[in-house]
Amino acid sequence: MDVRGKVAVVTGGAGGIGAALSRTLAAAGAQVVVTDRPGTRVEQVVSEILADHPGQAIALTGDITESAVVADVLDLAARTFGPVDLYLANAGVGGTAADGVSEEDEWSVALEVNVMAHVRAARLLLPEWLDRGEGYFVSTASAAGLLTQIGSAPYSVSKHGAIAFAEWLSVTYGDRGVKVSCLCPMGVNTDMLNAGRAETSGAAAAGAKAVTSSGEVLEPEQVAQIVLAGIAAEQFLILPHPEVLTFFQRKSGDYDRWLSGMRRLQASIS
């Protein structure tokens, strides 16, 4: 897909990869609805975009796990720019519970944000896309969804779910004009990774050590450029860290050896 003149939605757009995707899409000629939770700097991100690309971005805050909020986002896009062509389901949460959050609630939040938000968005987007015979869904998952994350089970399992849903979308609707890409980076210089790097123990610290010891930490802007290249090529698996493909091939080639290696990595960083 050539994103010039296309209408895009970016969730989780207030920072990190989402903000970089929003800026990069606008610079490439797309019109962008940037959304994130209330209290985030999403309005500031849009103001920065508008300074360089007048009229090409608008902000909306809300909980993207709620179907009503997704509907509001799609309606705002249609009223402001036109029907949505490209939906980047980028909002995500880590799997480390904050103080006062139970383990079960942690699972619930991870599954709601990292998986069910994608499902609810697709349900609303698909009828129009199928009528038009085109549309593009980009899922921000993680290398953790291909390789399993050391540390947090909710994060790893939910990211596996995000990849599985993206695969299902492509298998089910790919021959009817719906394109799908799945972004699976390792370490990216974001608040989520840096929060883990600041910890001295626990699941977040283990996860951060695992990704930073396995590859380069990329800047969000680097990842965004790679995503746009993947969209242009209509490529399903977008891997900003090429070594992830090697790791994935080793996993599929000899599962028991890979599991043993992951246990050794876990021991080395604990």
# chains A, B, ... in the order shown; residues from 1 in each chain; ligands from 1
call {"tool": "residues_around", "arguments": {"residues": "Gly135 (chain A)", "least_positions_apart": "6", "cutoff": "12 Å", "atoms": "only C-alpha atoms", "output": "PyMOL selection string"}}
result
chain A and resi 1-3+6-9+83-88+122+125-129+169-170+173-181+231+234
call {"tool": "residues_around", "arguments": {"residues": "Ser22 (chain A)", "least_positions_apart": "6", "cutoff": "10 Å", "atoms": "only C-alpha atoms", "output": "compact mmCIF listing (two decimals) with N, CA and C atoms, in the first residue's frame"}}
result
# COMPACT_ATOMS: atom_id res chain seq x y z
N ALA A 8 -5.33 6.97 8.12
CA ALA A 8 -4.76 5.99 9.05
C ALA A 8 -5.18 6.31 10.48
N VAL A 9 -5.33 5.26 11.27
CA VAL A 9 -5.53 5.37 12.72
C VAL A 9 -4.34 4.71 13.39
N VAL A 10 -3.77 5.40 14.39
CA VAL A 10 -2.69 4.83 15.19
C VAL A 10 -3.12 4.83 16.64
N THR A 11 -3.24 3.65 17.23
CA THR A 11 -3.55 3.57 18.66
C THR A 11 -2.24 3.54 19.45
N GLY A 12 -2.33 3.94 20.71
CA GLY A 12 -1.10 4.04 21.50
C GLY A 12 -0.15 5.05 20.92
N GLY A 13 -0.72 6.15 20.40
CA GLY A 13 0.08 7.10 19.63
C GLY A 13 0.73 8.21 20.41
N ALA A 14 0.63 8.18 21.75
CA ALA A 14 1.15 9.28 22.54
C ALA A 14 2.65 9.23 22.76
N GLY A 15 3.27 8.13 22.45
CA GLY A 15 4.71 8.02 22.68
C GLY A 15 5.27 6.80 22.01
N ALA A 28 4.78 10.95 5.23
CA ALA A 28 4.66 10.21 3.96
C ALA A 28 3.38 10.56 3.21
N ALA A 30 0.07 10.60 4.61
CA ALA A 30 -1.19 10.06 5.13
C ALA A 30 -1.86 11.09 6.04
N GLN A 31 -3.16 10.91 6.23
CA GLN A 31 -3.91 11.69 7.20
C GLN A 31 -4.16 10.78 8.40
N VAL A 32 -3.84 11.25 9.58
CA VAL A 32 -3.69 10.35 10.72
C VAL A 32 -4.57 10.77 11.89
N VAL A 33 -5.33 9.81 12.41
CA VAL A 33 -6.01 9.97 13.69
C VAL A 33 -5.15 9.29 14.74
N VAL A 34 -4.69 10.06 15.70
CA VAL A 34 -3.80 9.55 16.75
C VAL A 34 -4.61 9.42 18.03
N THR A 35 -4.60 8.24 18.61
CA THR A 35 -5.40 8.02 19.81
C THR A 35 -4.59 7.34 20.90
N VAL A 45 1.62 15.30 20.66
CA VAL A 45 2.13 14.62 19.46
C VAL A 45 1.45 15.17 18.21
N VAL A 46 0.14 15.33 18.27
CA VAL A 46 -0.59 15.85 17.11
C VAL A 46 -0.20 17.29 16.82
N ILE A 49 2.94 17.22 14.90
CA ILE A 49 2.71 16.81 13.51
C ILE A 49 2.14 17.96 12.70
N ALA A 57 -3.44 15.64 10.80
CA ALA A 57 -3.57 14.80 12.00
C ALA A 57 -4.62 15.38 12.93
N LEU A 88 -3.58 0.90 12.56
CA LEU A 88 -2.38 0.39 13.22
C LEU A 88 -2.71 0.17 14.69
N ALA A 224 9.58 2.82 12.88
CA ALA A 224 8.50 3.38 12.06
C ALA A 224 8.85 3.35 10.57
call {"tool": "closest_residue", "arguments": {"among": "A:Leu130, A:Val69, A:Leu265, A:Ile238", "to": "Gly151 (chain A)", "atoms": "only C-alpha atoms"}}
result
A:Leu265
call {"tool": "select_by_dssp", "arguments": {"residues": "region 14-253 of chain A", "states": "alpha helix (DSSP H)", "output": "count of residues only"}}
result
133
call {"tool": "closest_residue", "arguments": {"among": "A:Asp256, A:Glu66, A:Glu112, A:Asp52", "to": "Gly161 (chain A)", "atoms": "only C-alpha atoms"}}
result
A:Glu112
call {"tool": "residues_around", "arguments": {"residues": "Ile226 (chain A)", "least_positions_apart": "6", "cutoff": "12 Å", "atoms": "only C-alpha atoms", "output": "MDAnalysis selection string"}}
result
chainID A and resid 17 20:21 24:25 181:185 218:220 232:233 235 237:242
call {"tool": "residues_around", "arguments": {"residues": "Pro38 (chain A)", "least_positions_apart": "2", "cutoff": "7 Å", "atoms": "only C-alpha atoms", "output": "VMD selection string"}}
result
chain A and resid 36 40 61 to 62
call {"tool": "closest_residue", "arguments": {"among": "A:Thr246, A:Asn189, A:Gln222, A:Asn114", "to": "Ala141 (chain A)", "atoms": "only C-alpha atoms"}}
result
A:Asn114
call {"tool": "residues_around", "arguments": {"residues": "Gln249 (chain A)", "least_positions_apart": "5", "cutoff": "10 Å", "atoms": "only C-alpha atoms", "output": "PyMOL selection string"}}
result
chain A and resi 147+243-244+254-255+258
call {"tool": "atom_distance", "arguments": {"atom1": "CA of Ala121 (chain A)", "atom2": "CA of Pro54 (chain A)"}}
result
27.3 Å
call {"tool": "select_by_dssp", "arguments": {"residues": "region 65-152 of chain A", "states": "strand (DSSP E or B)", "output": "list of chain:residue names"}}
result
A:Leu86, A:Tyr87, A:Leu88, A:Ala89, A:Gly135, A:Tyr136, A:Phe137, A:Val138, A:Ser139, A:Thr140
call {"tool": "write_last_selection", "arguments": {"atoms": "N, CA, C and O atoms", "output": "PDB file, in the first residue's frame"}}
result
ATOM      1  N   LEU A  86      -6.249   2.392   6.792  1.00  0.00           N
ATOM      2  CA  LEU A  86      -5.118   1.737   7.448  1.00  0.00           C
ATOM      3  C   LEU A  86      -5.284   1.881   8.960  1.00  0.00           C
ATOM      4  O   LEU A  86      -5.405   3.001   9.472  1.00  0.00           O
ATOM      5  N   TYR A  87      -5.338   0.764   9.662  1.00  0.00           N
ATOM      6  CA  TYR A  87      -5.511   0.782  11.118  1.00  0.00           C
ATOM      7  C   TYR A  87      -4.298   0.127  11.748  1.00  0.00           C
ATOM      8  O   TYR A  87      -4.014  -1.050  11.500  1.00  0.00           O
ATOM      9  N   LEU A  88      -3.577   0.901  12.555  1.00  0.00           N
ATOM     10  CA  LEU A  88      -2.378   0.391  13.223  1.00  0.00           C
ATOM     11  C   LEU A  88      -2.707   0.173  14.694  1.00  0.00           C
ATOM     12  O   LEU A  88      -2.784   1.119  15.484  1.00  0.00           O
ATOM     13  N   ALA A  89      -2.942  -1.086  15.048  1.00  0.00           N
ATOM     14  CA  ALA A  89      -3.288  -1.461  16.424  1.00  0.00           C
ATOM     15  C   ALA A  89      -1.989  -1.565  17.220  1.00  0.00           C
ATOM     16  O   ALA A  89      -1.413  -2.640  17.387  1.00  0.00           O
ATOM     17  N   GLY A 135      -8.365  -2.702   2.509  1.00  0.00           N
ATOM     18  CA  GLY A 135      -8.148  -2.204   3.856  1.00  0.00           C
ATOM     19  C   GLY A 135      -6.875  -2.825   4.378  1.00  0.00           C
ATOM     20  O   GLY A 135      -6.414  -3.863   3.855  1.00  0.00           O
ATOM     21  N   TYR A 136      -6.270  -2.187   5.372  1.00  0.00           N
ATOM     22  CA  TYR A 136      -4.973  -2.668   5.871  1.00  0.00           C
ATOM     23  C   TYR A 136      -4.965  -2.601   7.391  1.00  0.00           C
ATOM     24  O   TYR A 136      -5.204  -1.559   7.981  1.00  0.00           O
ATOM     25  N   PHE A 137      -4.668  -3.745   8.011  1.00  0.00           N
ATOM     26  CA  PHE A 137      -4.598  -3.855   9.467  1.00  0.00           C
ATOM     27  C   PHE A 137      -3.156  -4.179   9.855  1.00  0.00           C
ATOM     28  O   PHE A 137      -2.585  -5.160   9.378  1.00  0.00           O
ATOM     29  N   VAL A 138      -2.576  -3.343  10.720  1.00  0.00           N
ATOM     30  CA  VAL A 138      -1.217  -3.573  11.206  1.00  0.00           C
ATOM     31  C   VAL A 138      -1.278  -3.827  12.711  1.00  0.00           C
ATOM     32  O   VAL A 138      -1.750  -2.986  13.473  1.00  0.00           O
ATOM     33  N   SER A 139      -0.805  -4.975  13.113  1.00  0.00           N
ATOM     34  CA  SER A 139      -0.783  -5.363  14.522  1.00  0.00           C
ATOM     35  C   SER A 139       0.623  -5.186  15.081  1.00  0.00           C
ATOM     36  O   SER A 139       1.574  -5.776  14.562  1.00  0.00           O
ATOM     37  N   THR A 140       0.749  -4.370  16.123  1.00  0.00           N
ATOM     38  CA  THR A 140       2.032  -4.305  16.834  1.00  0.00           C
ATOM     39  C   THR A 140       2.036  -5.408  17.876  1.00  0.00           C
ATOM     40  O   THR A 140       1.327  -5.336  18.884  1.00  0.00           O
TER      41      THR A 140
END
call {"tool": "closest_residue", "arguments": {"among": "A:Ala71, A:Val217, A:Ala229, A:Ala19", "to": "Val188 (chain A)", "atoms": "only C-alpha atoms"}}
result
A:Val217
call {"tool": "closest_residue", "arguments": {"among": "A:Arg132, A:Lys251, A:Arg23, A:His160", "to": "Leu50 (chain A)", "atoms": "only C-alpha atoms"}}
result
A:Arg23
call {"tool": "atom_distance", "arguments": {"atom1": "CA of Ser156 (chain A)", "atom2": "CA of Ala144 (chain A)"}}
result
5.4 Å
